[in-house]
$ cat protein.tsv   # TSV, C-alpha atoms
chain	number	residue	atom	x	y	z
A	9	MET	CA	-42.24	54.45	11.80
A	10	ASP	CA	-45.09	52.07	10.99
A	11	THR	CA	-43.82	49.13	8.94
A	12	THR	CA	-46.35	46.53	10.11
A	13	GLU	CA	-49.13	44.90	8.14
A	14	SER	CA	-52.70	45.90	8.59
A	15	GLY	CA	-54.66	42.73	9.12
A	16	ALA	CA	-53.99	39.43	10.80
A	17	ASP	CA	-50.18	39.53	10.86
A	18	ALA	CA	-49.20	41.55	13.90
A	19	GLY	CA	-45.79	39.90	13.99
A	20	GLU	CA	-46.05	38.07	17.31
A	21	LEU	CA	-45.42	34.55	15.98
A	22	ASP	CA	-42.67	35.24	13.49
A	23	GLU	CA	-40.83	37.69	15.74
A	24	ALA	CA	-40.62	34.93	18.36
A	25	LEU	CA	-39.35	32.44	15.79
A	26	ASP	CA	-36.78	34.73	14.18
A	27	ALA	CA	-35.96	38.08	15.74
A	28	GLU	CA	-33.05	38.79	13.37
A	29	ILE	CA	-33.34	42.07	11.51
A	30	GLU	CA	-31.26	42.29	8.36
A	31	SER	CA	-29.67	45.39	6.90
A	32	VAL	CA	-31.75	47.05	4.20
A	33	PHE	CA	-31.06	45.21	0.95
A	34	GLU	CA	-29.42	47.21	-1.81
A	35	VAL	CA	-31.02	46.42	-5.17
A	36	GLU	CA	-30.31	48.24	-8.41
A	37	ILE	CA	-33.65	49.63	-9.55
A	38	ASP	CA	-34.97	50.66	-12.96
A	39	PRO	CA	-37.83	53.09	-12.17
A	40	THR	CA	-39.58	52.30	-15.45
A	41	LEU	CA	-40.20	48.74	-14.21
A	42	GLU	CA	-42.06	50.06	-11.15
A	43	GLU	CA	-44.79	51.96	-12.99
A	44	ARG	CA	-47.27	49.14	-13.55
A	45	ASP	CA	-49.40	47.06	-11.19
A	46	ILE	CA	-51.51	43.95	-11.62
A	47	HIS	CA	-54.68	45.67	-10.49
A	48	GLU	CA	-54.71	47.73	-13.66
A	49	ALA	CA	-56.54	44.65	-14.96
A	50	ASP	CA	-59.42	44.86	-12.44
A	51	GLU	CA	-61.82	46.55	-14.84
A	52	ALA	CA	-61.17	44.01	-17.59
A	53	LEU	CA	-61.53	41.14	-15.12
A	54	GLY	CA	-64.90	42.54	-14.07
A	55	GLU	CA	-66.21	42.88	-17.61
A	56	GLU	CA	-65.03	39.80	-19.47
A	57	SER	CA	-66.85	36.48	-19.38
A	58	TYR	CA	-65.29	33.16	-18.52
A	59	PRO	CA	-64.06	30.93	-21.35
A	60	SER	CA	-66.31	27.92	-21.76
A	61	ASP	CA	-65.84	24.39	-22.97
A	62	GLU	CA	-68.51	25.06	-25.60
A	63	GLU	CA	-66.28	27.72	-27.12
A	64	GLY	CA	-63.45	25.21	-27.25
A	65	ARG	CA	-61.32	27.47	-25.04
A	66	GLU	CA	-58.95	25.38	-23.02
A	67	ILE	CA	-55.35	25.94	-21.98
A	68	ALA	CA	-53.56	22.76	-20.99
A	69	PRO	CA	-50.91	22.96	-18.25
A	70	ARG	CA	-47.63	21.27	-19.05
A	71	SER	CA	-47.99	19.17	-15.89
A	72	VAL	CA	-50.40	18.53	-13.00
A	73	ARG	CA	-49.22	17.38	-9.57
A	74	ALA	CA	-51.44	16.34	-6.64
A	75	ILE	CA	-50.34	17.53	-3.17
A	76	PRO	CA	-51.60	15.37	-0.25
A	77	GLY	CA	-54.09	17.27	1.89
A	78	MET	CA	-54.20	20.28	-0.44
A	79	GLY	CA	-55.20	20.07	-4.10
A	80	LYS	CA	-53.30	20.16	-7.38
A	81	VAL	CA	-50.49	22.25	-8.82
A	82	TYR	CA	-51.12	23.23	-12.45
A	83	ASP	CA	-47.88	24.24	-14.12
A	84	TYR	CA	-48.60	26.73	-16.92
A	85	ARG	CA	-45.03	28.00	-17.14
A	86	GLY	CA	-43.86	28.15	-20.72
A	87	THR	CA	-47.34	27.59	-22.19
A	88	GLY	CA	-47.84	31.25	-23.10
A	89	LEU	CA	-50.87	31.62	-20.83
A	90	CYS	CA	-49.30	34.33	-18.67
A	91	PRO	CA	-45.66	35.00	-19.58
A	92	PRO	CA	-43.39	37.15	-17.40
A	93	ASN	CA	-42.86	40.86	-18.09
A	94	GLY	CA	-39.12	40.91	-17.66
A	95	PRO	CA	-35.92	38.99	-16.93
A	96	ARG	CA	-34.81	37.00	-13.91
A	97	MET	CA	-34.48	38.85	-10.62
A	98	ARG	CA	-33.80	37.99	-6.97
A	99	PRO	CA	-37.07	37.90	-5.00
A	100	LEU	CA	-36.77	39.11	-1.41
A	101	ILE	CA	-40.46	39.12	-0.48
A	102	MET	CA	-43.66	37.32	-1.42
A	103	VAL	CA	-46.69	39.59	-1.84
A	104	HIS	CA	-50.24	38.31	-1.35
A	105	HIS	CA	-53.17	39.61	-3.43
A	106	ILE	CA	-56.75	38.94	-4.43
A	107	PRO	CA	-57.66	39.40	-8.12
A	108	VAL	CA	-61.42	40.18	-7.96
A	109	VAL	CA	-62.00	36.86	-9.71
A	110	PRO	CA	-64.52	34.46	-8.15
A	111	ASN	CA	-63.60	30.89	-7.32
A	112	ILE	CA	-64.87	28.44	-9.94
A	113	LYS	CA	-64.36	24.69	-9.79
A	114	GLY	CA	-61.64	23.45	-12.06
A	115	THR	CA	-59.16	25.71	-13.83
A	116	ALA	CA	-61.44	28.22	-15.60
A	117	ASP	CA	-60.61	30.92	-13.04
A	118	PHE	CA	-56.87	30.33	-13.49
A	119	VAL	CA	-57.18	30.48	-17.28
A	120	ARG	CA	-59.29	33.63	-17.20
A	121	LEU	CA	-56.85	35.43	-14.95
A	122	GLY	CA	-53.96	34.43	-17.18
A	123	ASP	CA	-55.79	35.48	-20.35
A	124	VAL	CA	-56.68	38.93	-19.01
A	125	LEU	CA	-53.25	39.62	-17.57
A	126	ARG	CA	-51.56	38.58	-20.80
A	127	ALA	CA	-53.86	40.85	-22.84
A	128	GLN	CA	-53.02	43.76	-20.52
A	129	LYS	CA	-49.27	42.98	-20.72
A	130	LEU	CA	-49.27	42.22	-17.01
A	131	ALA	CA	-48.35	39.05	-15.13
A	132	ILE	CA	-48.16	37.37	-11.74
A	133	GLN	CA	-46.04	34.43	-10.69
A	134	ALA	CA	-48.80	32.21	-9.20
A	135	ALA	CA	-52.42	31.93	-8.10
A	136	THR	CA	-54.49	29.78	-5.72
A	137	ASP	CA	-58.17	28.90	-5.40
A	138	ALA	CA	-60.58	27.77	-2.70
A	139	GLU	CA	-60.23	24.11	-3.73
A	140	GLY	CA	-56.58	24.20	-2.70
A	141	ASN	CA	-55.20	24.33	-6.23
A	142	VAL	CA	-52.19	26.34	-7.40
A	143	ALA	CA	-51.49	27.76	-10.85
A	144	LEU	CA	-47.85	28.46	-11.68
A	145	TYR	CA	-47.70	31.08	-14.42
A	146	THR	CA	-43.99	31.97	-14.31
A	147	ARG	CA	-40.93	31.13	-12.27
A	148	PHE	CA	-40.94	32.89	-8.89
A	149	ASP	CA	-37.72	34.68	-9.90
A	150	GLU	CA	-39.04	36.12	-13.18
A	151	LEU	CA	-40.12	39.75	-13.15
A	152	CYS	CA	-43.86	40.39	-13.32
A	153	TYR	CA	-45.79	43.65	-13.11
A	154	GLY	CA	-47.59	42.48	-10.00
A	155	GLN	CA	-46.96	45.03	-7.26
A	156	ARG	CA	-45.61	48.41	-8.29
A	157	GLY	CA	-42.99	49.69	-5.94
A	158	ALA	CA	-41.52	46.20	-5.53
A	159	ASN	CA	-41.72	44.47	-8.93
A	160	GLN	CA	-37.96	44.02	-9.25
A	161	PHE	CA	-37.43	42.17	-5.95
A	162	SER	CA	-40.72	40.44	-5.19
A	163	CYS	CA	-42.91	37.58	-6.31
A	164	GLY	CA	-46.67	37.59	-6.00
A	165	VAL	CA	-49.59	35.21	-5.55
A	166	GLU	CA	-53.18	36.02	-6.55
A	167	HIS	CA	-55.64	34.19	-4.26
A	168	MET	CA	-59.00	33.83	-6.02
A	169	HIS	CA	-61.50	36.08	-4.22
A	170	MET	CA	-63.96	38.69	-5.39
A	171	ALA	CA	-63.70	40.86	-2.26
A	172	VAL	CA	-61.46	41.26	0.79
A	173	GLY	CA	-64.31	40.26	3.11
A	174	GLU	CA	-64.79	36.77	1.66
A	175	ALA	CA	-63.94	33.80	3.88
A	176	TRP	CA	-60.74	31.81	3.32
A	177	THR	CA	-60.87	28.03	3.06
A	178	GLU	CA	-58.28	25.94	4.86
A	179	LYS	CA	-57.30	24.38	1.53
A	180	GLN	CA	-56.61	27.77	0.00
A	181	MET	CA	-54.39	28.67	2.95
A	182	ARG	CA	-52.56	25.38	2.37
A	183	ALA	CA	-52.12	26.29	-1.29
A	184	ALA	CA	-50.66	29.64	-0.21
A	185	ALA	CA	-48.32	27.75	2.14
A	186	TRP	CA	-47.19	25.46	-0.69
A	187	CYS	CA	-46.15	28.56	-2.64
A	188	ALA	CA	-44.46	29.96	0.45
A	189	ASN	CA	-42.47	26.77	0.87
A	190	GLN	CA	-41.23	26.97	-2.72
A	191	VAL	CA	-39.73	30.43	-2.22
A	192	TRP	CA	-38.35	29.47	1.19
A	193	VAL	CA	-36.44	26.53	-0.30
A	194	SER	CA	-35.40	28.17	-3.57
A	195	TYR	CA	-34.88	31.84	-2.67
A	196	ALA	CA	-34.42	31.93	1.14
A	197	ILE	CA	-37.68	33.82	1.75
A	198	PRO	CA	-38.62	32.48	5.19
A	199	PRO	CA	-42.15	32.06	6.56
A	200	GLN	CA	-42.20	35.30	8.52
A	201	ARG	CA	-43.47	38.85	8.22
A	202	ALA	CA	-41.42	40.94	5.83
A	203	ILE	CA	-40.30	44.28	7.19
A	204	LEU	CA	-40.55	47.02	4.58
A	205	THR	CA	-39.27	50.57	4.82
A	206	PRO	CA	-41.07	53.48	3.16
A	207	GLY	CA	-39.81	55.09	0.00
A	208	ASN	CA	-40.78	57.36	-2.85
A	209	ARG	CA	-42.59	54.96	-5.20
A	210	ILE	CA	-40.14	52.17	-4.22
A	211	VAL	CA	-40.19	50.23	-0.95
A	212	GLY	CA	-37.12	49.11	0.95
A	213	VAL	CA	-36.72	45.61	2.37
A	214	GLN	CA	-35.24	45.33	5.85
A	215	ARG	CA	-36.25	41.70	6.37
A	216	ARG	CA	-37.24	39.05	3.87
A	217	GLY	CA	-40.62	37.40	4.24
A	218	HIS	CA	-44.30	37.81	3.37
A	219	THR	CA	-46.43	40.89	3.06
A	220	SER	CA	-49.67	42.21	1.58
A	221	HIS	CA	-50.30	44.20	-1.56
A	222	GLN	CA	-51.81	46.79	0.76
A	223	ASN	CA	-48.56	47.15	2.68
A	224	VAL	CA	-46.41	47.45	-0.45
A	225	SER	CA	-48.75	50.15	-1.77
A	226	LYS	CA	-48.65	51.98	1.56
A	227	GLN	CA	-44.86	51.88	1.97
A	228	ALA	CA	-44.33	52.97	-1.66
A	229	GLY	CA	-46.61	55.97	-1.07
A	230	PHE	CA	-49.46	54.93	-3.36
A	231	ASN	CA	-51.99	53.98	-0.65
A	232	ASP	CA	-54.42	52.54	-3.19
A	233	ARG	CA	-54.65	48.81	-2.32
A	234	SER	CA	-56.46	46.89	0.42
A	235	ASP	CA	-55.86	43.25	-0.51
A	236	PRO	CA	-55.75	40.48	0.50
A	237	GLY	CA	-57.75	41.69	3.52
A	238	GLU	CA	-58.07	41.01	7.24
A	239	GLY	CA	-59.14	37.39	6.76
A	240	PHE	CA	-55.80	36.28	5.32
A	241	HIS	CA	-54.15	34.95	8.48
A	242	TYR	CA	-50.37	35.27	8.19
A	243	PRO	CA	-49.40	33.37	11.37
A	244	HIS	CA	-51.41	30.40	10.09
A	245	LEU	CA	-49.65	30.71	6.72
A	246	TYR	CA	-46.28	30.48	8.45
A	247	GLU	CA	-47.41	27.53	10.56
A	248	LEU	CA	-48.64	25.64	7.51
A	249	THR	CA	-45.45	26.41	5.58
A	250	ARG	CA	-43.24	25.00	8.32
A	251	HIS	CA	-45.48	21.94	8.59
A	252	TYR	CA	-45.25	21.24	4.85
A	253	ALA	CA	-41.48	21.77	4.86
A	254	LYS	CA	-41.18	19.07	7.52
A	255	LYS	CA	-43.85	16.57	6.37
A	256	HIS	CA	-44.15	17.25	2.61
A	257	LYS	CA	-47.91	16.97	3.01
A	258	PHE	CA	-50.74	18.78	4.78

$ encode --input "protein.tsv" --output "structure tokens"
Amino acid sequence: MDTTESGADAGELDEALDAEIESVFEVEIDPTLEERDIHEADEALGEESYPSDEEGREIAPRSVRAIPGMGKVYDYRGTGLCPPNGPRMRPLIMVHHIPVVPNIKGTADFVRLGDVLRAQKLAIQAATDAEGNVALYTRFDELCYGQRGANQFSCGVEHMHMAVGEAWTEKQMRAAAWCANQVWVSYAIPPQRAILTPGNRIVGVQRRGHTSHQNVSKQAGFNDRSDPGEGFHYPHLYELTRHYAKKHKF
């Protein structure tokens, strides 16, 4: 049975750090909450223009926090920019995506993603950009239609990229690690490769951790996603997460 990621995470680092395999988690599932996926918004994201200052379009985060060695965390939770699609849930895995949105300096890319997702009645918990910034749209334990087949027990992060072949900046990897540290501390999702088991439109979770949208799609039987791509280096993500947990800076 193939339950590994395609891409940079072959499991060597995290298996050495934590070889424990947990029993498959039993989660009560509502199939109607597993029908939608964040990439339903790809066409709209490709067609719509960015909001501009000239149009007076600006969404203010409720707070902004600078992280040493990374960038800033923009907290949009509760502002209405990108509200969750459902109630609280227990996240077991963090799923990494790209949203086919180009990196743009400042927060215009974050606002655009939030606007389009909200209009499509979709959501994602967080996003990062190449400058090392993070946008928090919802709590990590609030249900979002981000990755069908795992919506009710996962949280997701959209990493601003237009294509899977684009290079990853070190600061964006640090931003991803900051998000990973939050779910490690708050929800016991460790910096390691998640082990998923295949299912009929729903994946199983045998070990908590991190995975790709591609892997969720594959294990759920959809086989229609390829993000975040080979360049997203999971062992480096885990290394950065453990560093931040110890030093509280990058």

$ axis_aligned_box --input "protein.tsv" --around "range 135-145 of chain A" --padding-each-side "4 Å" --output "JSON"
{"center_x": -54.1, "center_y": 28.0, "center_z": -8.6, "size_x": 20.9, "size_y": 15.8, "size_z": 19.7}

$ closest_atom_pairs --input "protein.tsv" --of "range 68-133 of chain A" --to "range 157-176 of chain A" --cutoff "7 Å" --atoms "only C-alpha atoms" --output "CSV"
residue,atom,partner,partner_atom,distance
A:Met97,CA,A:Gln160,CA,6.4
A:Arg98,CA,A:Phe161,CA,5.6
A:Pro99,CA,A:Phe161,CA,4.4
A:Leu100,CA,A:Phe161,CA,5.5
A:Ile101,CA,A:Ser162,CA,4.9
A:Met102,CA,A:Cys163,CA,5.0
A:Val103,CA,A:Gly164,CA,4.6
A:His104,CA,A:Val165,CA,5.3
A:His105,CA,A:Glu166,CA,4.8
A:Ile106,CA,A:His167,CA,4.9
A:Pro107,CA,A:Glu166,CA,5.8
A:Val108,CA,A:Met170,CA,3.9
A:Val109,CA,A:Met170,CA,5.1
A:Pro110,CA,A:Met170,CA,5.1
A:Asn111,CA,A:Met168,CA,5.6
A:Ile132,CA,A:Gly164,CA,5.9
A:Gln133,CA,A:Gly164,CA,5.7

$ closest_residue --input "protein.tsv" --among "A:Ala143, A:Arg250, A:Ala138, A:Lys226" --to "Arg70 in chain A" --atoms "all atoms listed in the file"
A:Ala143

$ residues_near_point --input "protein.tsv" --point "(-43.2, 35.8, 6.3)" --cutoff "7 Å" --atoms "only C-alpha atoms" --output "MDAnalysis selection string"
chainID A and resid 198:202 217:219 246

$ atom_distance --input "protein.tsv" --atom1 "CA of Ser220 in chain A" --atom2 "CA of Ile46 in chain A"
13.4 Å

$ residues_near_point --input "protein.tsv" --point "(-51.8, 33.1, 1.1)" --cutoff "9 Å" --atoms "only C-alpha atoms" --output "ChimeraX atom specification"
/A:103-105,136,165-167,180-185,187-188,236,240-242,245

$ atom_distance --input "protein.tsv" --atom1 "CA of Tyr153 in chain A" --atom2 "CA of Val72 in chain A"
25.5 Å

$ closest_residue --input "protein.tsv" --among "A:Lys179, A:Arg216, A:Lys80, A:Arg44" --to "Leu125 in chain A" --atoms "all atoms listed in the file"
A:Arg44

$ closest_residue --input "protein.tsv" --among "A:Val191, A:Ile75, A:Ala49, A:Ile210" --to "Val35 in chain A" --atoms "only C-alpha atoms"
A:Ile210

$ atom_distance --input "protein.tsv" --atom1 "CA of Leu89 in chain A" --atom2 "CA of Tyr145 in chain A"
7.2 Å

$ closest_residue --input "protein.tsv" --among "A:Arg215, A:Asp117, A:Arg96, A:Thr249" --to "Ile203 in chain A" --atoms "all atoms listed in the file"
A:Arg215

$ residues_around --input "protein.tsv" --residues "Tyr252 in chain A" --least-positions-apart "4" --cutoff "8 Å" --atoms "all atoms listed in the file" --output "PyMOL selection string"
chain A and resi 185-186+189+248+256-258
